[in-house]
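Trainee: Can you read through this structure? Questions will come right after.
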Amino acid sequence: MKPWLISFKRFIQEIWHDKMLFFICLSPILAGVFFRFGIPLLERFFAERLHYGLHLDQYHVLFDLLLGALLPYMFCFASTMVMLTEYDERITGYLAVTPLGKRGYLLTRLGFPAFLSFFGSCALLIVFSSSRMPLYLITLIAFLSCLLCFNISLLLFALSGNRVEGLALAKLSGLVLLGLPAPFFVPNEIQFFLAPFPSLWIAKLAVERKLILLIPAVLTGIVWILPLYRKFDHKLSRC
Amino acid sequence: MIHAKNLSFSYTKAPFIENLSFHIETGEIFGFLGPSGAGKSTIQKILTGLLKGYKGFVSIDGAEVKHHHNDFYETIGVDFEFPSLFEKLTARENLVFFSSLYKKHGDIDRSLAAVGLTREADKKVSGFSKGMKSRLNFIKALLHDPALLFLDEPTSGLDPTNARIIKDIIRNEKEKGKTIILTTHNMYDATELCDHVAFIVDGTIRALDTPRNLIMSKGASKIVYTYVSEGMERLREVPMRETGMDETLQRLIRESGITSIHSSEPTLNDIFVEVTGTHLV
């Protein structure tokens with residue numbers, strides 16, 4: 001078996017045996033069920049029992065955006081936790097001097113999970129989308145969300161000294177997703193303060209459905225990868 | 001086999017390793033000897049390709065180390081100073097995992113037996129002592145039968161019996177024709193195992209030779225003997241090469257008047273202190 005397959009198998013086993021990480025990876029399904037069925041029920045409850053019109057139709061795209069980002073975010077969070085545990089146990093540096101190598105390690109700990117989460121995110125959006133997004137948009141949002149979460153993982157690993165720090169930093173990393181609600185609540189001229197965050201462009205693409213917005217969405221994603229990968233590589237070399 | 005010329009490296013703006021040049025032949029045990037923080041582990045990281053931002057030239061089998069393909073790692077075994085093991089897995093599971101990354105697979109049971117870990121093979125590593133982890137970490141580096149071994153403080157934290165076992169395995173590996181790079185601050189290990197040693201202090205090589213040459217070039221062996229004269233025990237030292245000219249010694253031998261006699265050779269540590277002005281701590 002190829003070293004990267006063996007390494008990925010070990011990664012899956014690690015998540016399987018860590019119940020917290022396992023349930024984190026499943027949690028987006030619960031969120032999907034809530035967005036798809038829970039919110040309409042809530043709207044009906046407010047209308048029938050409380051005689052209050054809770055109209056959330058205008059936010060259905062936002063729910064879909066959150067749903068699309070949730071699975072990659074949770075997968076990448078789980079990956080980062082596994083990587084930080086391995087870093088604490090000094091395995092990361094050792095694997096870099098085996099036939100797996102640094103890039104093989106990155107591939108099996110971030111690349112594969114991001115790749116899988118792309119399909120997972122597409123599936124979740126197809127099944128649970130409240131706004132009934134077209135397939136091309138679902139695919140684009142899933143892809144861009146994976147790119148964004150790949151960056152978040154690199155950021156968490158590069159900046160955390162250990163798993164405990166990683167957990168703390170993961171809470172803060174949610175701020176990177178702040179661009180998602182921006183087009184719904186923030187005036188246009190202020191939104192651009194969030195321009196360096198890919199999440200803003202993903203949300204604008206979903207709301208405005210202009211393919212030209214794909215360019216800043218992809219570019220901001222790639223621009224973040226370069227310095228973060230350097231930091232990741234730097235940290236790996238000092239294990 | 002390994003050739004380094006004007007090797008320099010820095011973690012910050014200040015230089016950490018400066019202008020190192022050395023050559024290591026196939027089949028020899030080469031020791032980097034120096035105090036903690038001298039740059040020994042950094043040299044090992046450069047040689048294994050973990051640190052690539054160095055200046056100068058370093059090649060293994062003629063190929064620059066920073067351009068090595070992943071296949072290069074099939075041919076080397078690395079034993080880092082601190083164990084790198086999955087704490088949640090058993091000793092055997094760890095070896096099975098790491099061994100499976102390579103094309104060549106060793107005999108796990110035999111390796112465990114060689115370092116006295118047979119009974120602990122199916123226990124989780126989290127319950128292991130420091131010495132047990134060190135031994136497991138050591139055999140992990142040998143399982144795929146690498147031609148080139150990088151061993152960083154392999155006997156650190158081991159009791160004398162286990163240190164002896166590890167040193168015997170290292171010698172066996174050398175007999176099989178392996179090239180071994182030993183990084184240590186243990187002068188006894190270096191003297192016993194190494195064909196050549198380089199004294200590293202503050203990122204520079206202060207001396208490089210065989211342990212014997214280093215010892216012989218810097219300090220002559222001497223004879224120390226005691227005898228009784230005028231009711232008092234007296235002690236006298238004479239360089240080994242001048243024993244024939246020491247009339248007191250000659251007379252005492254004729255008169256059987258020596259109360260004690262022993263030879264005294266300088267150790268590698270003495271030479272290290274003399275050459276570098278610092279201690280191996």
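Numbering starts fresh at 1 for the residues of each chain in the structure tokens, the chains themselves are lettered A, B, ... in the order given, and ligands are numbered from 1 as they appear.
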Hey, what does DSSP flag as helix (DSSP H, G or I) within stretch 22-111 of chain B? Can you give it to me as a tab-separated table (two decimals) with N, CA, C and O atoms, in the first residue's frame?

Mentor:
chain	number	residue	atom	x	y	z
B	40	LYS	N	24.23	20.05	16.91
B	40	LYS	CA	24.33	18.65	16.44
B	40	LYS	C	23.02	18.18	15.79
B	40	LYS	O	23.02	17.63	14.70
B	41	SER	N	21.91	18.42	16.50
B	41	SER	CA	20.62	17.97	15.96
B	41	SER	C	20.25	18.73	14.70
B	41	SER	O	19.60	18.18	13.80
B	42	THR	N	20.67	19.99	14.63
B	42	THR	CA	20.39	20.79	13.43
B	42	THR	C	21.12	20.19	12.23
B	42	THR	O	20.56	20.10	11.13
B	43	ILE	N	22.36	19.75	12.44
B	43	ILE	CA	23.11	19.11	11.34
B	43	ILE	C	22.37	17.86	10.89
B	43	ILE	O	22.21	17.61	9.69
B	44	GLN	N	21.87	17.11	11.87
B	44	GLN	CA	21.13	15.90	11.52
B	44	GLN	C	19.88	16.23	10.71
B	44	GLN	O	19.56	15.56	9.73
B	45	LYS	N	19.19	17.31	11.11
B	45	LYS	CA	17.97	17.71	10.39
B	45	LYS	C	18.30	18.15	8.97
B	45	LYS	O	17.52	17.93	8.04
B	46	ILE	N	19.45	18.79	8.81
B	46	ILE	CA	19.85	19.20	7.45
B	46	ILE	C	20.16	17.95	6.61
B	46	ILE	O	19.70	17.83	5.47
B	47	LEU	N	20.88	17.01	7.21
B	47	LEU	CA	21.27	15.81	6.46
B	47	LEU	C	20.06	14.95	6.09
B	47	LEU	O	20.06	14.28	5.07
B	65	VAL	N	21.21	17.18	-0.69
B	65	VAL	CA	20.12	16.68	0.17
B	65	VAL	C	18.81	17.45	0.01
B	65	VAL	O	17.74	16.89	0.17
B	66	LYS	N	18.90	18.74	-0.33
B	66	LYS	CA	17.65	19.49	-0.43
B	66	LYS	C	16.84	19.10	-1.67
B	66	LYS	O	15.68	19.44	-1.77
B	67	HIS	N	17.46	18.34	-2.59
B	67	HIS	CA	16.73	17.92	-3.79
B	67	HIS	C	16.34	16.44	-3.75
B	67	HIS	O	15.93	15.89	-4.77
B	70	ASN	N	11.33	11.51	-2.26
B	70	ASN	CA	10.87	10.74	-1.10
B	70	ASN	C	11.46	9.34	-1.03
B	70	ASN	O	11.54	8.76	0.05
B	71	ASP	N	11.88	8.79	-2.17
B	71	ASP	CA	12.50	7.45	-2.17
B	71	ASP	C	13.77	7.42	-1.33
B	71	ASP	O	14.17	6.37	-0.83
B	72	PHE	N	14.40	8.57	-1.19
B	72	PHE	CA	15.61	8.68	-0.38
B	72	PHE	C	15.33	8.17	1.04
B	72	PHE	O	16.19	7.54	1.67
B	73	TYR	N	14.11	8.41	1.51
B	73	TYR	CA	13.77	8.02	2.88
B	73	TYR	C	13.61	6.51	3.08
B	73	TYR	O	13.54	6.04	4.20
B	74	GLU	N	13.56	5.79	1.94
B	74	GLU	CA	13.57	4.32	2.04
B	74	GLU	C	14.94	3.85	2.52
B	74	GLU	O	15.07	2.77	3.08
B	91	ALA	N	3.12	-1.04	21.42
B	91	ALA	CA	4.46	-1.04	20.80
B	91	ALA	C	4.40	-1.71	19.44
B	91	ALA	O	4.93	-1.20	18.45
B	92	ARG	N	3.72	-2.86	19.39
B	92	ARG	CA	3.64	-3.61	18.13
B	92	ARG	C	2.88	-2.81	17.07
B	92	ARG	O	3.31	-2.73	15.92
B	93	GLU	N	1.77	-2.20	17.47
B	93	GLU	CA	0.98	-1.41	16.50
B	93	GLU	C	1.79	-0.25	15.95
B	93	GLU	O	1.71	0.08	14.77
B	94	ASN	N	2.59	0.36	16.81
B	94	ASN	CA	3.46	1.45	16.35
B	94	ASN	C	4.42	0.94	15.29
B	94	ASN	O	4.57	1.55	14.23
B	95	LEU	N	5.05	-0.19	15.59
B	95	LEU	CA	6.04	-0.71	14.64
B	95	LEU	C	5.38	-1.16	13.33
B	95	LEU	O	5.93	-0.94	12.25
B	96	VAL	N	4.19	-1.75	13.45
B	96	VAL	CA	3.48	-2.18	12.24
B	96	VAL	C	3.17	-0.95	11.38
B	96	VAL	O	3.39	-0.97	10.16
B	97	PHE	N	2.69	0.12	12.02
B	97	PHE	CA	2.35	1.32	11.25
B	97	PHE	C	3.59	1.91	10.56
B	97	PHE	O	3.60	2.13	9.35
B	98	PHE	N	4.63	2.17	11.35
B	98	PHE	CA	5.81	2.84	10.76
B	98	PHE	C	6.49	1.95	9.72
B	98	PHE	O	6.96	2.43	8.70
B	99	SER	N	6.53	0.65	10.00
B	99	SER	CA	7.16	-0.28	9.06
B	99	SER	C	6.40	-0.31	7.74
B	99	SER	O	6.99	-0.44	6.66
B	100	SER	N	5.07	-0.17	7.82
B	100	SER	CA	4.27	-0.27	6.59
B	100	SER	C	4.47	0.92	5.64
B	100	SER	O	4.06	0.86	4.49
B	108	ILE	N	9.25	-7.73	13.20
B	108	ILE	CA	8.88	-6.92	14.36
B	108	ILE	C	9.15	-7.66	15.67
B	108	ILE	O	9.72	-7.10	16.62
B	109	ASP	N	8.78	-8.94	15.71
B	109	ASP	CA	8.98	-9.70	16.97
B	109	ASP	C	10.46	-9.81	17.33
B	109	ASP	O	10.84	-9.67	18.48
B	110	ARG	N	11.27	-10.03	16.29
B	110	ARG	CA	12.71	-10.16	16.56
B	110	ARG	C	13.29	-8.83	17.04
B	110	ARG	O	14.12	-8.79	17.95
B	111	SER	N	12.82	-7.74	16.44
B	111	SER	CA	13.30	-6.41	16.85
B	111	SER	C	12.91	-6.10	18.29
B	111	SER	O	13.71	-5.59	19.07

Trainee: Mind checking which residues fall within 7 Å of B:Glu87, counting only C-alpha atoms, ignoring those fewer than 6 positions away in the same chain, and posting them as a list in words?

Mentor: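 With the cut-off at 7 Å, the set is Lys124, Val125 and Ser126 of chain B.
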
Trainee: Measuring between only C-alpha atoms, which one of A:Ser237, A:Thr85, A:Thr108, A:Ser79 shows the shortest distance to chain B?

Mentor: A:Ser237

Trainee: Counting only C-alpha atoms, what is within 9 Å of A:Trp4, bar same-chain residues fewer than 3 positions away, as a list in words?

Mentor: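 After dropping sequence-adjacent residues, the list is Met1, Ser7, Phe8, Lys9, Pro99, Leu100, Gly104, Tyr105, Leu107 and Thr108 of chain A; Leu101 of chain B.
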
Trainee: List the neighbours of B:Gly277 out to 12 Å using only C-alpha atoms; skip same-chain residues closer than 4 positions along the sequence, and give me the result as number ranges by chain.

Mentor: B: 34-35, 199-202, 206, 269-273

Trainee: Generate a file of the selected residues that holds all heavy atoms, formatted as a short mmCIF file (atom, residue, chain, number, x, y, z; two decimals), in the first residue's frame.

Mentor:
data_model
loop_
_atom_site.label_atom_id
_atom_site.label_comp_id
_atom_site.auth_asym_id
_atom_site.auth_seq_id
_atom_site.Cartn_x
_atom_site.Cartn_y
_atom_site.Cartn_z
N GLY B 34 29.19 17.16 21.11
CA GLY B 34 29.14 18.55 21.55
C GLY B 34 28.12 18.73 22.64
O GLY B 34 27.27 17.86 22.85
N PRO B 35 28.17 19.87 23.33
CA PRO B 35 27.19 20.11 24.39
C PRO B 35 25.82 20.41 23.82
O PRO B 35 25.68 20.62 22.61
CB PRO B 35 27.77 21.34 25.11
CG PRO B 35 28.59 22.03 24.09
CD PRO B 35 29.10 20.98 23.16
N PHE B 199 34.10 17.52 16.95
CA PHE B 199 33.70 18.31 18.11
C PHE B 199 32.94 19.54 17.61
O PHE B 199 33.49 20.35 16.87
CB PHE B 199 34.92 18.79 18.90
CG PHE B 199 35.66 17.72 19.63
CD1 PHE B 199 36.93 17.96 20.13
CD2 PHE B 199 35.09 16.48 19.85
CE1 PHE B 199 37.63 16.98 20.82
CE2 PHE B 199 35.79 15.48 20.55
CZ PHE B 199 37.06 15.73 21.03
N ILE B 200 31.68 19.66 18.01
CA ILE B 200 30.86 20.79 17.58
C ILE B 200 30.62 21.71 18.77
O ILE B 200 30.12 21.26 19.81
CB ILE B 200 29.48 20.32 17.07
CG1 ILE B 200 29.62 19.24 16.01
CG2 ILE B 200 28.65 21.50 16.57
CD1 ILE B 200 29.93 19.72 14.65
N VAL B 201 30.98 22.96 18.61
CA VAL B 201 30.68 23.96 19.64
C VAL B 201 30.23 25.23 18.92
O VAL B 201 30.89 25.67 17.96
CB VAL B 201 31.91 24.26 20.53
CG1 VAL B 201 31.59 25.35 21.54
CG2 VAL B 201 32.36 23.02 21.26
N ASP B 202 29.13 25.78 19.37
CA ASP B 202 28.57 27.02 18.79
C ASP B 202 28.46 26.94 17.26
O ASP B 202 28.78 27.90 16.55
CB ASP B 202 29.43 28.23 19.18
CG ASP B 202 29.43 28.45 20.68
OD1 ASP B 202 28.42 28.06 21.32
OD2 ASP B 202 30.42 28.97 21.21
N ARG B 206 35.34 22.18 15.85
CA ARG B 206 36.61 22.59 16.48
C ARG B 206 37.71 21.55 16.27
O ARG B 206 38.89 21.87 16.34
CB ARG B 206 36.42 22.83 17.99
CG ARG B 206 35.38 23.88 18.33
CD ARG B 206 35.90 25.29 18.00
NE ARG B 206 34.87 26.29 18.21
CZ ARG B 206 34.66 26.90 19.36
NH1 ARG B 206 35.40 26.63 20.42
NH2 ARG B 206 33.70 27.80 19.47
N ASN B 269 36.70 13.31 26.74
CA ASN B 269 36.16 14.49 27.41
C ASN B 269 37.29 15.48 27.76
O ASN B 269 37.13 16.70 27.57
CB ASN B 269 35.41 14.08 28.68
CG ASN B 269 34.62 15.24 29.27
OD1 ASN B 269 33.94 15.94 28.53
ND2 ASN B 269 34.73 15.43 30.57
N ASP B 270 38.42 14.94 28.24
CA ASP B 270 39.57 15.82 28.57
C ASP B 270 40.01 16.57 27.31
O ASP B 270 40.31 17.76 27.35
CB ASP B 270 40.75 14.99 29.09
CG ASP B 270 40.40 14.27 30.39
OD1 ASP B 270 39.58 14.82 31.16
OD2 ASP B 270 40.92 13.16 30.60
N ILE B 271 40.05 15.83 26.21
CA ILE B 271 40.50 16.45 24.95
C ILE B 271 39.49 17.49 24.50
O ILE B 271 39.86 18.57 24.05
CB ILE B 271 40.65 15.36 23.84
CG1 ILE B 271 41.54 14.23 24.32
CG2 ILE B 271 41.20 15.98 22.56
CD1 ILE B 271 42.90 14.64 24.83
N PHE B 272 38.21 17.14 24.67
CA PHE B 272 37.16 18.07 24.27
C PHE B 272 37.30 19.38 25.04
O PHE B 272 37.25 20.48 24.47
CB PHE B 272 35.77 17.45 24.51
CG PHE B 272 34.64 18.27 23.97
CD1 PHE B 272 34.20 18.11 22.66
CD2 PHE B 272 34.03 19.25 24.74
CE1 PHE B 272 33.19 18.89 22.15
CE2 PHE B 272 33.01 20.04 24.24
CZ PHE B 272 32.58 19.85 22.93
N VAL B 273 37.49 19.26 26.34
CA VAL B 273 37.63 20.45 27.19
C VAL B 273 38.86 21.24 26.77
O VAL B 273 38.83 22.48 26.66
CB VAL B 273 37.71 20.04 28.68
CG1 VAL B 273 38.04 21.25 29.55
CG2 VAL B 273 36.40 19.41 29.13
#

Trainee: Skipping near chain neighbours, those fewer than 4 positions away, what residues fall within 8 Å of A:Asn162 using only C-alpha atoms, listed as a list in words?

Mentor: Leu84, Thr85, Tyr87, Asp88 and Gly166 of chain A

Trainee: Would you kindly report the residues of chain A within 12 Å of chain B, using only C-alpha atoms, as a PyMOL selection string?

Mentor: chain A and resi 1-11+13-14+17-18+82-83+85-105+233-239

Trainee: Write out the residues from the selection above, keeping N, CA and C atoms, as a short mmCIF file (atom, residue, chain, number, x, y, z; two decimals), in the first residue's frame.

Mentor:
data_model
loop_
_atom_site.label_atom_id
_atom_site.label_comp_id
_atom_site.auth_asym_id
_atom_site.auth_seq_id
_atom_site.Cartn_x
_atom_site.Cartn_y
_atom_site.Cartn_z
N MET A 1 0.84 -1.20 0.00
CA MET A 1 0.00 0.00 0.00
C MET A 1 0.88 1.25 0.00
N LYS A 2 0.43 2.28 -0.67
CA LYS A 2 1.19 3.52 -0.75
C LYS A 2 1.26 4.18 0.64
N PRO A 3 2.40 4.85 0.94
CA PRO A 3 2.50 5.49 2.26
C PRO A 3 1.37 6.45 2.56
N TRP A 4 0.90 7.19 1.54
CA TRP A 4 -0.14 8.17 1.83
C TRP A 4 -1.48 7.51 2.14
N LEU A 5 -1.70 6.31 1.58
CA LEU A 5 -2.94 5.59 1.91
C LEU A 5 -2.88 5.06 3.33
N ILE A 6 -1.68 4.56 3.70
CA ILE A 6 -1.50 4.03 5.06
C ILE A 6 -1.66 5.16 6.07
N SER A 7 -1.07 6.30 5.73
CA SER A 7 -1.15 7.45 6.62
C SER A 7 -2.60 7.94 6.75
N PHE A 8 -3.34 7.92 5.65
CA PHE A 8 -4.73 8.38 5.69
C PHE A 8 -5.59 7.40 6.50
N LYS A 9 -5.28 6.12 6.35
CA LYS A 9 -6.01 5.09 7.11
C LYS A 9 -5.81 5.32 8.61
N ARG A 10 -4.56 5.65 8.97
CA ARG A 10 -4.24 5.92 10.37
C ARG A 10 -5.03 7.15 10.87
N PHE A 11 -5.15 8.13 9.99
CA PHE A 11 -5.89 9.36 10.31
C PHE A 11 -7.36 9.06 10.58
N GLN A 13 -8.59 6.17 11.49
CA GLN A 13 -8.66 5.40 12.74
C GLN A 13 -8.61 6.32 13.95
N GLU A 14 -7.76 7.34 13.84
CA GLU A 14 -7.61 8.29 14.95
C GLU A 14 -8.93 9.01 15.21
N HIS A 17 -11.58 6.61 16.72
CA HIS A 17 -11.39 6.29 18.15
C HIS A 17 -11.57 7.50 19.06
N ASP A 18 -11.56 8.69 18.50
CA ASP A 18 -11.77 9.89 19.31
C ASP A 18 -13.23 10.32 19.11
N VAL A 82 -6.08 16.23 15.07
CA VAL A 82 -5.25 15.03 14.89
C VAL A 82 -3.79 15.46 14.67
N MET A 83 -3.61 16.47 13.82
CA MET A 83 -2.24 16.93 13.52
C MET A 83 -1.55 17.49 14.77
N THR A 85 -2.21 16.67 17.87
CA THR A 85 -1.90 15.54 18.76
C THR A 85 -0.60 14.88 18.28
N GLU A 86 -0.50 14.69 16.97
CA GLU A 86 0.71 14.07 16.42
C GLU A 86 1.92 14.97 16.62
N TYR A 87 1.67 16.26 16.57
CA TYR A 87 2.78 17.21 16.81
C TYR A 87 3.24 17.10 18.26
N ASP A 88 2.27 17.03 19.19
CA ASP A 88 2.60 16.88 20.61
C ASP A 88 3.41 15.60 20.84
N GLU A 89 3.09 14.56 20.07
CA GLU A 89 3.79 13.27 20.24
C GLU A 89 5.03 13.18 19.35
N ARG A 90 5.39 14.27 18.70
CA ARG A 90 6.58 14.40 17.84
C ARG A 90 6.55 13.48 16.61
N ILE A 91 5.36 13.06 16.25
CA ILE A 91 5.24 12.15 15.10
C ILE A 91 5.31 12.92 13.78
N THR A 92 4.82 14.15 13.81
CA THR A 92 4.78 14.96 12.58
C THR A 92 6.16 15.08 11.94
N GLY A 93 7.15 15.43 12.77
CA GLY A 93 8.51 15.58 12.25
C GLY A 93 9.07 14.26 11.78
N TYR A 94 8.72 13.18 12.50
CA TYR A 94 9.25 11.88 12.11
C TYR A 94 8.68 11.45 10.75
N LEU A 95 7.37 11.65 10.58
CA LEU A 95 6.75 11.24 9.30
C LEU A 95 7.35 12.00 8.12
N ALA A 96 7.85 13.21 8.39
CA ALA A 96 8.47 14.00 7.32
C ALA A 96 9.77 13.37 6.82
N VAL A 97 10.39 12.51 7.62
CA VAL A 97 11.63 11.85 7.17
C VAL A 97 11.39 10.37 6.84
N THR A 98 10.14 10.05 6.53
CA THR A 98 9.80 8.70 6.03
C THR A 98 9.37 8.87 4.57
N PRO A 99 9.13 7.77 3.87
CA PRO A 99 8.70 7.91 2.46
C PRO A 99 7.41 8.72 2.31
N LEU A 100 6.68 8.95 3.39
CA LEU A 100 5.48 9.80 3.29
C LEU A 100 5.88 11.23 2.98
N GLY A 101 6.88 11.75 3.67
CA GLY A 101 7.39 13.11 3.43
C GLY A 101 6.43 14.18 3.93
N LYS A 102 6.92 15.44 3.88
CA LYS A 102 6.12 16.57 4.35
C LYS A 102 4.85 16.74 3.51
N ARG A 103 5.00 16.66 2.20
CA ARG A 103 3.85 16.88 1.33
C ARG A 103 2.84 15.76 1.45
N GLY A 104 3.35 14.53 1.61
CA GLY A 104 2.44 13.39 1.81
C GLY A 104 1.65 13.57 3.09
N TYR A 105 2.32 14.10 4.10
CA TYR A 105 1.66 14.33 5.38
C TYR A 105 0.55 15.38 5.22
N ASP A 233 5.26 24.64 7.01
CA ASP A 233 6.52 23.98 6.66
C ASP A 233 7.61 24.29 7.70
N HIS A 234 7.62 25.55 8.11
CA HIS A 234 8.58 26.04 9.10
C HIS A 234 8.40 25.28 10.41
N LYS A 235 7.14 25.11 10.80
CA LYS A 235 6.85 24.42 12.06
C LYS A 235 7.22 22.94 11.97
N LEU A 236 6.93 22.35 10.82
CA LEU A 236 7.23 20.93 10.62
C LEU A 236 8.73 20.67 10.70
N SER A 237 9.52 21.61 10.22
CA SER A 237 10.98 21.44 10.19
C SER A 237 11.59 21.54 11.58
N ARG A 238 10.84 22.10 12.51
CA ARG A 238 11.39 22.28 13.85
C ARG A 238 10.87 21.26 14.85
N CYS A 239 10.17 20.24 14.33
CA CYS A 239 9.63 19.21 15.24
C CYS A 239 10.75 18.46 15.94
#

Trainee: Please report the interatomic distance between atom CA of B:Ile223 and atom CA of B:Ser260 in Å with one decimal.

Mentor: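 So the answer is 10.5 Å.
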
Trainee: I want to know what sits within 8 Å of stretch 59-61 of chain A, based on only C-alpha atoms, with residues of the same chain fewer than 2 positions away left out; could you give that as a ChimeraX atom specification?

Mentor: /A:56-57,63-65,130-131,184,206-207

Trainee: Give me a file of those residues, with all heavy atoms, as a short mmCIF file (atom, residue, chain, number, x, y, z; two decimals), in the first residue's frame.

Mentor:
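Generated output (part-v2.cif):
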data_model
loop_
_atom_site.label_atom_id
_atom_site.label_comp_id
_atom_site.auth_asym_id
_atom_site.auth_seq_id
_atom_site.Cartn_x
_atom_site.Cartn_y
_atom_site.Cartn_z
N LEU A 56 -38.26 33.96 7.43
CA LEU A 56 -36.81 33.77 7.28
C LEU A 56 -36.42 33.44 5.83
O LEU A 56 -35.27 33.10 5.58
CB LEU A 56 -36.32 32.66 8.22
CG LEU A 56 -36.53 32.94 9.72
CD1 LEU A 56 -36.14 31.71 10.53
CD2 LEU A 56 -35.70 34.13 10.17
N ASP A 57 -37.39 33.56 4.92
CA ASP A 57 -37.12 33.19 3.53
C ASP A 57 -35.88 33.90 2.97
O ASP A 57 -35.07 33.29 2.26
CB ASP A 57 -38.30 33.57 2.61
CG ASP A 57 -39.59 32.94 3.08
OD1 ASP A 57 -39.64 32.56 4.26
OD2 ASP A 57 -40.50 32.83 2.26
N PHE A 63 -28.48 30.33 5.34
CA PHE A 63 -28.47 29.00 5.98
C PHE A 63 -27.72 28.01 5.11
O PHE A 63 -26.94 27.19 5.61
CB PHE A 63 -29.91 28.50 6.21
CG PHE A 63 -30.69 29.35 7.17
CD1 PHE A 63 -32.04 29.59 6.98
CD2 PHE A 63 -30.08 29.93 8.28
CE1 PHE A 63 -32.77 30.37 7.86
CE2 PHE A 63 -30.80 30.72 9.17
CZ PHE A 63 -32.16 30.95 8.96
N ASP A 64 -27.94 28.10 3.80
CA ASP A 64 -27.24 27.19 2.88
C ASP A 64 -25.73 27.43 2.89
O ASP A 64 -24.94 26.49 2.82
CB ASP A 64 -27.78 27.35 1.45
CG ASP A 64 -29.16 26.70 1.31
OD1 ASP A 64 -29.57 26.01 2.26
OD2 ASP A 64 -29.80 26.91 0.28
N LEU A 65 -25.38 28.70 2.96
CA LEU A 65 -23.94 29.03 2.99
C LEU A 65 -23.29 28.45 4.25
O LEU A 65 -22.20 27.89 4.20
CB LEU A 65 -23.75 30.56 2.98
CG LEU A 65 -23.89 31.23 1.62
CD1 LEU A 65 -23.98 32.74 1.79
CD2 LEU A 65 -22.70 30.88 0.73
N SER A 130 -32.17 24.96 1.70
CA SER A 130 -33.48 25.60 1.91
C SER A 130 -33.82 26.49 0.73
O SER A 130 -34.98 26.73 0.45
CB SER A 130 -33.47 26.46 3.17
OG SER A 130 -32.60 25.97 4.12
N SER A 131 -32.79 27.01 0.07
CA SER A 131 -33.06 27.98 -1.00
C SER A 131 -33.12 27.31 -2.37
O SER A 131 -33.28 27.98 -3.37
CB SER A 131 -31.98 29.06 -1.00
OG SER A 131 -30.74 28.49 -1.38
N PHE A 184 -25.81 40.02 4.00
CA PHE A 184 -27.20 40.04 4.47
C PHE A 184 -27.46 41.16 5.49
O PHE A 184 -28.57 41.62 5.64
CB PHE A 184 -27.57 38.69 5.11
CG PHE A 184 -27.46 37.54 4.16
CD1 PHE A 184 -26.26 36.86 4.01
CD2 PHE A 184 -28.54 37.17 3.37
CE1 PHE A 184 -26.15 35.80 3.12
CE2 PHE A 184 -28.43 36.12 2.48
CZ PHE A 184 -27.24 35.43 2.35
N ALA A 206 -23.00 33.69 -3.84
CA ALA A 206 -24.27 32.98 -3.63
C ALA A 206 -25.46 33.93 -3.72
O ALA A 206 -26.51 33.56 -4.25
CB ALA A 206 -24.24 32.29 -2.27
N VAL A 207 -25.27 35.15 -3.22
CA VAL A 207 -26.38 36.11 -3.20
C VAL A 207 -26.59 36.72 -4.59
O VAL A 207 -27.70 36.75 -5.11
CB VAL A 207 -26.12 37.22 -2.14
CG1 VAL A 207 -27.15 38.33 -2.23
CG2 VAL A 207 -26.12 36.61 -0.75
#
